[in-house]
>>> print(open('final.txt').read())   # compact mmCIF, C-alpha atoms
# COMPACT_ATOMS: atom_id res chain seq x y z
CA MET A 243 -7.66 82.39 -84.93
CA PRO A 244 -5.00 79.74 -84.23
CA SER A 245 -2.15 81.09 -82.11
CA LYS A 246 0.42 80.10 -84.76
CA GLN A 247 -1.06 82.77 -87.07
CA ILE A 248 -0.70 85.53 -84.49
CA PRO A 249 2.52 87.58 -84.88
CA ASP A 250 5.08 86.77 -82.22
CA ILE A 251 5.51 90.49 -81.50
CA VAL A 252 1.85 90.58 -80.45
CA VAL A 253 2.26 87.57 -78.14
CA GLY A 254 5.35 89.28 -76.73
CA ARG A 255 3.29 92.27 -75.60
CA LEU A 256 0.68 90.20 -73.78
CA PRO A 257 2.84 89.61 -70.68
CA VAL A 258 3.38 93.38 -70.49
CA TYR A 259 -0.38 93.92 -70.54
CA LEU A 260 -0.85 91.17 -67.95
CA ARG A 261 1.70 92.77 -65.63
CA ALA A 262 -0.04 96.16 -65.89
CA LEU A 263 -3.44 94.60 -65.22
CA SER A 264 -2.06 92.77 -62.17
CA HIS A 265 -0.78 96.09 -60.83
CA LEU A 266 -4.16 97.72 -61.45
CA ALA A 267 -5.92 94.89 -59.62
CA ALA A 268 -3.51 95.24 -56.70
CA GLU A 269 -4.40 98.94 -56.56
CA GLY A 270 -8.08 98.05 -56.31
CA ILE A 271 -8.94 99.36 -59.77
CA GLN A 272 -11.75 97.33 -61.31
CA VAL A 273 -12.20 98.96 -64.72
CA THR A 274 -9.65 100.33 -67.16
CA SER A 275 -9.41 101.36 -70.79
CA SER A 276 -6.97 100.94 -73.64
CA HIS A 277 -6.14 104.64 -73.19
CA GLU A 278 -5.26 104.17 -69.51
CA LEU A 279 -3.22 101.04 -70.23
CA GLY A 280 -1.46 102.89 -73.02
CA LYS A 281 -0.50 105.76 -70.72
CA ARG A 282 0.99 103.32 -68.23
CA LEU A 283 2.88 101.32 -70.83
CA GLY A 284 3.86 103.86 -73.46
CA ILE A 285 1.90 101.93 -76.09
CA SER A 286 -0.86 103.48 -78.18
CA ALA A 287 -4.45 102.66 -77.26
CA ALA A 288 -5.05 101.61 -80.86
CA GLN A 289 -2.18 99.09 -80.69
CA ILE A 290 -3.52 97.60 -77.47
CA ARG A 291 -7.00 97.22 -78.95
CA LYS A 292 -5.58 95.67 -82.12
CA ASP A 293 -3.42 93.22 -80.14
CA LEU A 294 -6.32 92.08 -77.95
CA SER A 295 -8.64 91.73 -80.95
CA HIS A 296 -6.55 88.76 -82.13
CA PHE A 297 -7.93 86.79 -79.21
CA GLY A 298 -11.52 87.97 -78.95
CA GLU A 299 -13.62 90.81 -77.61
CA PHE A 300 -12.81 91.66 -74.00
CA GLY A 301 -14.34 95.10 -73.50
CA LYS A 302 -17.16 97.34 -74.62
CA GLN A 303 -16.86 100.73 -76.23
CA GLY A 304 -17.52 103.42 -73.67
CA THR A 305 -17.17 101.11 -70.66
CA GLY A 306 -13.63 99.75 -71.08
CA TYR A 307 -12.24 96.52 -69.70
CA ASN A 308 -13.01 94.69 -66.48
CA VAL A 309 -9.51 94.43 -64.99
CA GLY A 310 -9.97 91.08 -63.27
CA TYR A 311 -11.66 89.47 -66.25
CA LEU A 312 -9.09 90.68 -68.78
CA ARG A 313 -6.22 89.67 -66.49
CA ASP A 314 -7.65 86.15 -66.16
CA GLN A 315 -8.22 85.88 -69.91
CA LEU A 316 -4.62 86.86 -70.64
CA LYS A 317 -3.42 84.30 -68.11
CA ARG A 318 -5.46 81.68 -69.97
CA ILE A 319 -4.11 82.76 -73.37
CA LEU A 320 -0.52 82.70 -72.09
CA LYS A 321 -1.25 79.43 -70.27
CA VAL A 322 -0.08 80.82 -66.94
CA ASP A 323 -3.41 80.09 -65.30
CA ARG A 324 -1.49 77.04 -64.09
CA GLU A 325 1.96 76.49 -62.55
CA TRP A 326 4.80 75.40 -64.84
CA PRO A 327 7.65 73.40 -63.28
CA VAL A 328 11.06 74.69 -64.40
CA VAL A 329 14.59 73.31 -64.17
CA LEU A 330 17.49 75.72 -63.58
CA ILE A 331 20.86 74.70 -64.98
CA GLY A 332 23.95 76.50 -63.73
CA VAL A 333 24.15 77.49 -60.07
CA GLY A 334 26.82 80.17 -60.10
CA ASP A 335 26.16 83.71 -58.87
CA LEU A 336 23.38 84.34 -61.41
CA GLY A 337 21.87 80.91 -60.97
CA ARG A 338 21.74 81.30 -57.21
CA ALA A 339 20.07 84.68 -57.58
CA LEU A 340 17.45 83.14 -59.88
CA ALA A 341 16.92 80.26 -57.47
CA HIS A 342 16.27 82.71 -54.63
CA TYR A 343 14.02 85.00 -56.70
CA GLY A 344 10.47 84.88 -55.40
CA GLY A 345 8.75 86.47 -58.38
CA PHE A 346 8.35 83.37 -60.54
CA VAL A 347 5.68 81.57 -58.53
CA ASP A 348 3.09 84.35 -58.57
CA ARG A 349 3.42 84.55 -62.35
CA GLY A 350 3.00 80.90 -63.19
CA PHE A 351 6.43 79.29 -62.77
CA ARG A 352 8.20 77.32 -60.07
CA ILE A 353 11.83 76.20 -60.11
CA VAL A 354 11.62 72.56 -59.04
CA ALA A 355 15.14 71.28 -59.73
CA LEU A 356 18.69 72.67 -59.84
CA PHE A 357 21.55 71.23 -61.89
CA ASP A 358 25.25 71.89 -62.23
CA ASN A 359 28.22 70.00 -63.65
CA ASP A 360 30.54 71.11 -60.82
CA SER A 361 30.93 68.14 -58.48
CA ASN A 362 31.75 70.55 -55.64
CA LYS A 363 28.27 72.07 -55.92
CA VAL A 364 26.32 68.85 -56.36
CA GLY A 365 24.61 67.98 -53.10
CA GLN A 366 24.52 71.56 -51.81
CA ARG A 367 21.11 73.01 -51.02
CA ILE A 368 19.48 76.28 -51.96
CA GLY A 369 16.37 76.61 -49.88
CA GLU A 370 14.43 73.37 -50.25
CA LEU A 371 16.23 72.29 -53.43
CA GLU A 372 19.36 70.19 -53.70
CA ILE A 373 21.75 70.80 -56.58
CA MET A 374 21.87 67.70 -58.77
CA SER A 375 24.34 66.38 -61.33
CA MET A 376 23.62 67.00 -65.01
CA GLU A 377 23.75 63.24 -65.45
CA THR A 378 20.32 63.02 -63.79
CA LEU A 379 18.68 65.71 -65.94
CA ALA A 380 16.87 63.40 -68.37
CA ASP A 381 15.44 61.24 -65.58
CA VAL A 382 14.14 64.22 -63.61
CA VAL A 383 12.63 65.90 -66.67
CA ARG A 384 10.86 62.69 -67.67
CA GLU A 385 9.64 61.80 -64.16
CA ARG A 386 8.22 65.29 -63.52
CA SER A 387 7.02 66.00 -67.09
CA ILE A 388 9.03 69.24 -67.21
CA GLN A 389 9.00 71.25 -70.44
CA VAL A 390 10.79 74.48 -69.44
CA ALA A 391 14.44 75.12 -68.55
CA MET A 392 16.46 78.17 -67.57
CA ILE A 393 20.14 78.14 -68.51
CA ALA A 394 22.57 80.25 -66.47
CA VAL A 395 25.88 78.70 -67.47
CA PRO A 396 28.99 80.29 -69.02
CA ALA A 397 28.68 81.03 -72.74
CA ALA A 398 31.23 78.33 -73.63
CA HIS A 399 28.96 75.62 -72.21
CA ALA A 400 25.52 76.96 -73.13
CA GLN A 401 25.16 75.26 -76.53
CA LYS A 402 26.02 71.83 -75.13
CA VAL A 403 23.68 72.32 -72.17
CA ALA A 404 20.86 73.40 -74.49
CA GLU A 405 21.36 70.27 -76.57
CA GLN A 406 21.25 68.16 -73.40
CA CYS A 407 17.97 69.88 -72.50
CA MET A 408 16.49 69.03 -75.88
CA ALA A 409 17.62 65.42 -75.61
CA ALA A 410 16.00 65.23 -72.17
CA GLY A 411 12.65 66.41 -73.54
CA ILE A 412 12.74 70.13 -72.72
CA LYS A 413 10.70 72.17 -75.20
CA ALA A 414 11.33 75.77 -74.07
CA ILE A 415 14.60 77.37 -72.93
CA LEU A 416 15.21 80.73 -71.27
CA ASN A 417 18.88 81.42 -71.94
CA TYR A 418 20.82 83.79 -69.69
CA ALA A 419 24.18 82.89 -71.23
CA PRO A 420 25.58 85.69 -73.44
CA ILE A 421 25.45 83.63 -76.62
CA THR A 422 22.85 82.88 -79.27
CA LEU A 423 21.92 79.21 -79.23
CA SER A 424 21.66 77.26 -82.47
CA LEU A 425 18.87 74.74 -82.10
CA PRO A 426 16.50 72.96 -84.51
CA ASP A 427 13.10 74.41 -85.32
CA GLY A 428 10.49 73.48 -82.78
CA THR A 429 12.54 74.42 -79.73
CA LEU A 430 11.36 77.66 -78.14
CA VAL A 431 14.26 79.86 -77.04
CA GLN A 432 14.34 83.29 -75.42
CA HIS A 433 17.67 85.02 -74.82
CA ILE A 434 18.30 87.41 -71.93
CA ASP A 435 21.60 89.31 -72.06
CA PRO A 436 21.60 92.53 -70.00
CA VAL A 437 24.78 93.74 -71.69
CA THR A 438 23.14 93.90 -75.12
CA HIS A 439 20.39 96.09 -73.66
CA LEU A 440 22.97 98.33 -71.99
CA GLN A 441 24.83 98.65 -75.29
CA ARG A 442 21.61 99.57 -77.06
CA MET A 443 20.98 102.34 -74.52
CA THR A 444 24.49 103.77 -74.57
CA HIS A 445 24.17 104.35 -78.33
CA TYR A 446 21.68 107.11 -77.44
CA LEU A 447 23.68 108.69 -74.59
>>> encode(input="final.txt", output="structure tokens")
Amino acid sequence: MPSKQIPDIVVGRLPVYLRALSHLAAEGIQVTSSHELGKRLGISAAQIRKDLSHFGEFGKQGTGYNVGYLRDQLKRILKVDREWPVVLIGVGDLGRALAHYGGFVDRGFRIVALFDNDSNKVGQRIGELEIMSMETLADVVRERSIQVAMIAVPAAHAQKVAEQCMAAGIKAILNYAPITLSLPDGTLVQHIDPVTHLQRMTHYL
């Protein structure tokens, strides 16, 4: 079945399954079941089986799933069986934390370039990377065939930065700015705003 026909909510659960399988593999567990995965994730075994069935048959009734095999298949489906170069735009406190975060590489992503529009930051280094001017974004994206960007700029600047990303050839944006971006169809956008999740939780407290 073509991926475009698979509900986005199903695709959204695959990274959760992949993370659980990676933890199982690290624990030395070679075989698991939809029931065991469900217990770890708080998702019903039936839902897990239904989600995976969109992509093929990965286990056998009565024997479960081979952890390593299923993990590798999910990596292939999510296309993280390779390393994606990523640009990070906005090198304030959050941007610096993201630049230092070591968890991207093991999961298929590497920040390869940093950008900021503050001339006082341009030229500074974070690890092996030098902060570059936004004026060079399009050239870097084109030269390195980069398709993914992370935006960690103030909300007031996020829309303009996202439009610059699109113009440069970026196809997928992870937005940390607390604002919903308005972009044409065809641009993949994921929003991450911790405050909205906190507000959702406090409703129940």
>>> closest_residue(input="final.txt", among="A:Thr422, A:Gln406, A:Asn417, A:Asn308", to="A:Ile434", atoms="all atoms listed in the file")
A:Asn417
>>> closest_residue(input="final.txt", among="A:Asn359, A:Ser387, A:Thr438, A:Thr444", to="A:Lys402", atoms="only C-alpha atoms")
A:Asn359
>>> atom_distance(input="final.txt", atom1="atom CA of A:Ile415", atom2="atom CA of A:Val382")
16.1 Å
>>> atom_distance(input="final.txt", atom1="atom CA of A:Ala404", atom2="atom CA of A:Asp250")
22.1 Å
>>> residues_around(input="final.txt", residues="A:Val252", least_positions_apart="3", cutoff="10 Å", atoms="all atoms listed in the file", output="list in words")
Ile248, Pro249, Arg255, Leu256, Pro257, Gln289, Ile290, Lys292, Asp293, Leu294 and His296 of chain A
>>> atom_distance(input="final.txt", atom1="atom CA of A:Gln441", atom2="atom CA of A:Val403")
26.5 Å
>>> residues_around(input="final.txt", residues="A:Pro396", least_positions_apart="2", cutoff="8 Å", atoms="all atoms listed in the file", output="list in words")
Ala394, Ala398, His399, Ala400, Ala419 and Pro420 of chain A
>>> write_last_selection(input="final.txt", atoms="C-alpha atoms", output="PDB file, in the frame of the given file")
ATOM      1  CA  ALA A 394      22.570  80.250 -66.470  1.00  0.00           C
ATOM      2  CA  ALA A 398      31.230  78.330 -73.630  1.00  0.00           C
ATOM      3  CA  HIS A 399      28.960  75.620 -72.210  1.00  0.00           C
ATOM      4  CA  ALA A 400      25.520  76.960 -73.130  1.00  0.00           C
ATOM      5  CA  ALA A 419      24.180  82.890 -71.230  1.00  0.00           C
ATOM      6  CA  PRO A 420      25.580  85.690 -73.440  1.00  0.00           C
TER       7      PRO A 420
END
>>> closest_residue(input="final.txt", among="A:Val390, A:Leu336, A:Ala268, A:Ala341", to="A:Glu370", atoms="all atoms listed in the file")
A:Ala341
>>> residues_around(input="final.txt", residues="A:Ile331", least_positions_apart="2", cutoff="9 Å", atoms="all atoms listed in the file", output="list in words")
Val329, Val333, Gly337, Ala355, Leu356, Phe357, Asp358, Asn359, Met376, Ala391, Met392, Ile393, Ala394, Val395 and Val403 of chain A
>>> closest_residue(input="final.txt", among="A:Leu430, A:Asp348, A:Asp360, A:Leu330", to="A:Val383", atoms="only C-alpha atoms")
A:Leu330
>>> decode(input="final.txt", residues="stretch 322-367 of chain A", atoms="N, CA and C atoms", output="mmCIF file, in the first residue's frame")
data_model
loop_
_atom_site.group_PDB
_atom_site.id
_atom_site.type_symbol
_atom_site.label_atom_id
_atom_site.label_comp_id
_atom_site.auth_asym_id
_atom_site.auth_seq_id
_atom_site.Cartn_x
_atom_site.Cartn_y
_atom_site.Cartn_z
ATOM 1 N N VAL A 322 15.031 6.021 8.191
ATOM 2 C CA VAL A 322 16.125 6.397 9.086
ATOM 3 C C VAL A 322 17.151 5.270 9.171
ATOM 4 N N ASP A 323 17.176 4.459 8.109
ATOM 5 C CA ASP A 323 18.256 3.490 7.952
ATOM 6 C C ASP A 323 19.436 4.159 7.257
ATOM 7 N N ARG A 324 19.367 5.487 7.197
ATOM 8 C CA ARG A 324 20.418 6.332 6.645
ATOM 9 C C ARG A 324 20.567 7.532 7.578
ATOM 10 N N GLU A 325 21.495 8.425 7.283
ATOM 11 C CA GLU A 325 21.674 9.618 8.113
ATOM 12 C C GLU A 325 21.230 10.850 7.332
ATOM 13 N N TRP A 326 20.289 11.605 7.916
ATOM 14 C CA TRP A 326 19.762 12.807 7.282
ATOM 15 C C TRP A 326 20.507 14.033 7.796
ATOM 16 N N PRO A 327 21.089 14.839 6.898
ATOM 17 C CA PRO A 327 21.702 16.093 7.333
ATOM 18 C C PRO A 327 20.615 17.121 7.651
ATOM 19 N N VAL A 328 20.810 17.884 8.712
ATOM 20 C CA VAL A 328 19.806 18.834 9.189
ATOM 21 C C VAL A 328 20.462 20.183 9.430
ATOM 22 N N VAL A 329 19.753 21.268 9.066
ATOM 23 C CA VAL A 329 20.213 22.601 9.439
ATOM 24 C C VAL A 329 19.413 23.065 10.651
ATOM 25 N N LEU A 330 20.078 23.761 11.560
ATOM 26 C CA LEU A 330 19.447 24.330 12.750
ATOM 27 C C LEU A 330 19.502 25.844 12.639
ATOM 28 N N ILE A 331 18.338 26.469 12.701
ATOM 29 C CA ILE A 331 18.251 27.922 12.560
ATOM 30 C C ILE A 331 17.778 28.523 13.879
ATOM 31 N N GLY A 332 18.602 29.411 14.415
ATOM 32 C CA GLY A 332 18.317 30.015 15.711
ATOM 33 C C GLY A 332 19.206 29.404 16.770
ATOM 34 N N VAL A 333 20.210 30.149 17.219
ATOM 35 C CA VAL A 333 21.186 29.587 18.158
ATOM 36 C C VAL A 333 21.152 30.376 19.457
ATOM 37 N N GLY A 334 19.935 30.495 20.006
ATOM 38 C CA GLY A 334 19.778 31.041 21.347
ATOM 39 C C GLY A 334 19.950 29.914 22.358
ATOM 40 N N ASP A 335 19.341 30.048 23.518
ATOM 41 C CA ASP A 335 19.488 29.019 24.549
ATOM 42 C C ASP A 335 18.978 27.664 24.067
ATOM 43 N N LEU A 336 17.784 27.650 23.467
ATOM 44 C CA LEU A 336 17.222 26.385 22.979
ATOM 45 C C LEU A 336 18.047 25.831 21.830
ATOM 46 N N GLY A 337 18.414 26.692 20.897
ATOM 47 C CA GLY A 337 19.201 26.245 19.765
ATOM 48 C C GLY A 337 20.534 25.647 20.175
ATOM 49 N N ARG A 338 21.175 26.271 21.149
ATOM 50 C CA ARG A 338 22.450 25.731 21.631
ATOM 51 C C ARG A 338 22.253 24.369 22.288
ATOM 52 N N ALA A 339 21.166 24.228 23.033
ATOM 53 C CA ALA A 339 20.890 22.937 23.661
ATOM 54 C C ALA A 339 20.673 21.860 22.590
ATOM 55 N N LEU A 340 19.940 22.196 21.540
ATOM 56 C CA LEU A 340 19.720 21.246 20.452
ATOM 57 C C LEU A 340 21.021 20.908 19.745
ATOM 58 N N ALA A 341 21.873 21.911 19.555
ATOM 59 C CA ALA A 341 23.148 21.687 18.881
ATOM 60 C C ALA A 341 24.047 20.749 19.688
ATOM 61 N N HIS A 342 23.932 20.825 21.013
ATOM 62 C CA HIS A 342 24.765 19.975 21.874
ATOM 63 C C HIS A 342 24.158 18.588 22.085
ATOM 64 N N TYR A 343 22.874 18.436 21.785
ATOM 65 C CA TYR A 343 22.181 17.173 22.069
ATOM 66 C C TYR A 343 22.768 16.035 21.243
ATOM 67 N N GLY A 344 23.124 14.960 21.903
ATOM 68 C CA GLY A 344 23.771 13.852 21.207
ATOM 69 C C GLY A 344 22.837 12.757 20.743
ATOM 70 N N GLY A 345 21.530 12.935 20.953
ATOM 71 C CA GLY A 345 20.597 11.859 20.635
ATOM 72 C C GLY A 345 20.103 11.816 19.203
ATOM 73 N N PHE A 346 20.461 12.793 18.389
ATOM 74 C CA PHE A 346 19.978 12.799 17.010
ATOM 75 C C PHE A 346 20.695 11.769 16.144
ATOM 76 N N VAL A 347 22.000 11.679 16.302
ATOM 77 C CA VAL A 347 22.811 10.875 15.386
ATOM 78 C C VAL A 347 22.412 9.410 15.422
ATOM 79 N N ASP A 348 22.222 8.853 16.606
ATOM 80 C CA ASP A 348 21.891 7.444 16.716
ATOM 81 C C ASP A 348 20.523 7.114 16.139
ATOM 82 N N ARG A 349 19.726 8.163 15.891
ATOM 83 C CA ARG A 349 18.364 7.917 15.409
ATOM 84 C C ARG A 349 18.144 8.450 13.991
ATOM 85 N N GLY A 350 19.255 8.696 13.294
ATOM 86 C CA GLY A 350 19.157 8.964 11.872
ATOM 87 C C GLY A 350 19.333 10.402 11.426
ATOM 88 N N PHE A 351 19.753 11.303 12.342
ATOM 89 C CA PHE A 351 19.848 12.717 11.979
ATOM 90 C C PHE A 351 21.143 13.329 12.505
ATOM 91 N N ARG A 352 21.708 14.224 11.710
ATOM 92 C CA ARG A 352 22.923 14.914 12.138
ATOM 93 C C ARG A 352 22.803 16.394 11.789
ATOM 94 N N ILE A 353 22.960 17.250 12.793
ATOM 95 C CA ILE A 353 22.979 18.686 12.532
ATOM 96 C C ILE A 353 24.316 19.022 11.884
ATOM 97 N N VAL A 354 24.244 19.550 10.661
ATOM 98 C CA VAL A 354 25.472 19.795 9.899
ATOM 99 C C VAL A 354 25.750 21.277 9.696
ATOM 100 N N ALA A 355 24.784 22.140 10.029
ATOM 101 C CA ALA A 355 25.014 23.573 9.835
ATOM 102 C C ALA A 355 24.129 24.364 10.788
ATOM 103 N N LEU A 356 24.675 25.460 11.325
ATOM 104 C CA LEU A 356 23.967 26.339 12.249
ATOM 105 C C LEU A 356 23.829 27.725 11.620
ATOM 106 N N PHE A 357 22.658 28.331 11.811
ATOM 107 C CA PHE A 357 22.416 29.660 11.242
ATOM 108 C C PHE A 357 21.754 30.575 12.268
ATOM 109 N N ASP A 358 22.082 31.857 12.162
ATOM 110 C CA ASP A 358 21.444 32.856 13.009
ATOM 111 C C ASP A 358 21.552 34.205 12.295
ATOM 112 N N ASN A 359 20.585 35.086 12.569
ATOM 113 C CA ASN A 359 20.637 36.408 11.938
ATOM 114 C C ASN A 359 21.285 37.462 12.830
ATOM 115 N N ASP A 360 21.802 37.035 13.994
ATOM 116 C CA ASP A 360 22.500 37.939 14.906
ATOM 117 C C ASP A 360 23.971 37.985 14.518
ATOM 118 N N SER A 361 24.414 39.133 14.040
ATOM 119 C CA SER A 361 25.803 39.262 13.577
ATOM 120 C C SER A 361 26.807 39.002 14.690
ATOM 121 N N ASN A 362 26.379 39.183 15.953
ATOM 122 C CA ASN A 362 27.283 38.926 17.078
ATOM 123 C C ASN A 362 27.527 37.429 17.288
ATOM 124 N N LYS A 363 26.610 36.612 16.792
ATOM 125 C CA LYS A 363 26.766 35.160 16.940
ATOM 126 C C LYS A 363 27.462 34.531 15.743
ATOM 127 N N VAL A 364 27.299 35.144 14.585
ATOM 128 C CA VAL A 364 27.907 34.600 13.368
ATOM 129 C C VAL A 364 29.423 34.518 13.535
ATOM 130 N N GLY A 365 29.958 33.344 13.244
ATOM 131 C CA GLY A 365 31.392 33.124 13.396
ATOM 132 C C GLY A 365 31.752 32.384 14.667
ATOM 133 N N GLN A 366 30.842 32.392 15.661
ATOM 134 C CA GLN A 366 31.081 31.614 16.873
ATOM 135 C C GLN A 366 30.978 30.125 16.537
ATOM 136 N N ARG A 367 31.567 29.306 17.389
ATOM 137 C CA ARG A 367 31.548 27.863 17.153
ATOM 138 C C ARG A 367 30.822 27.145 18.280
#
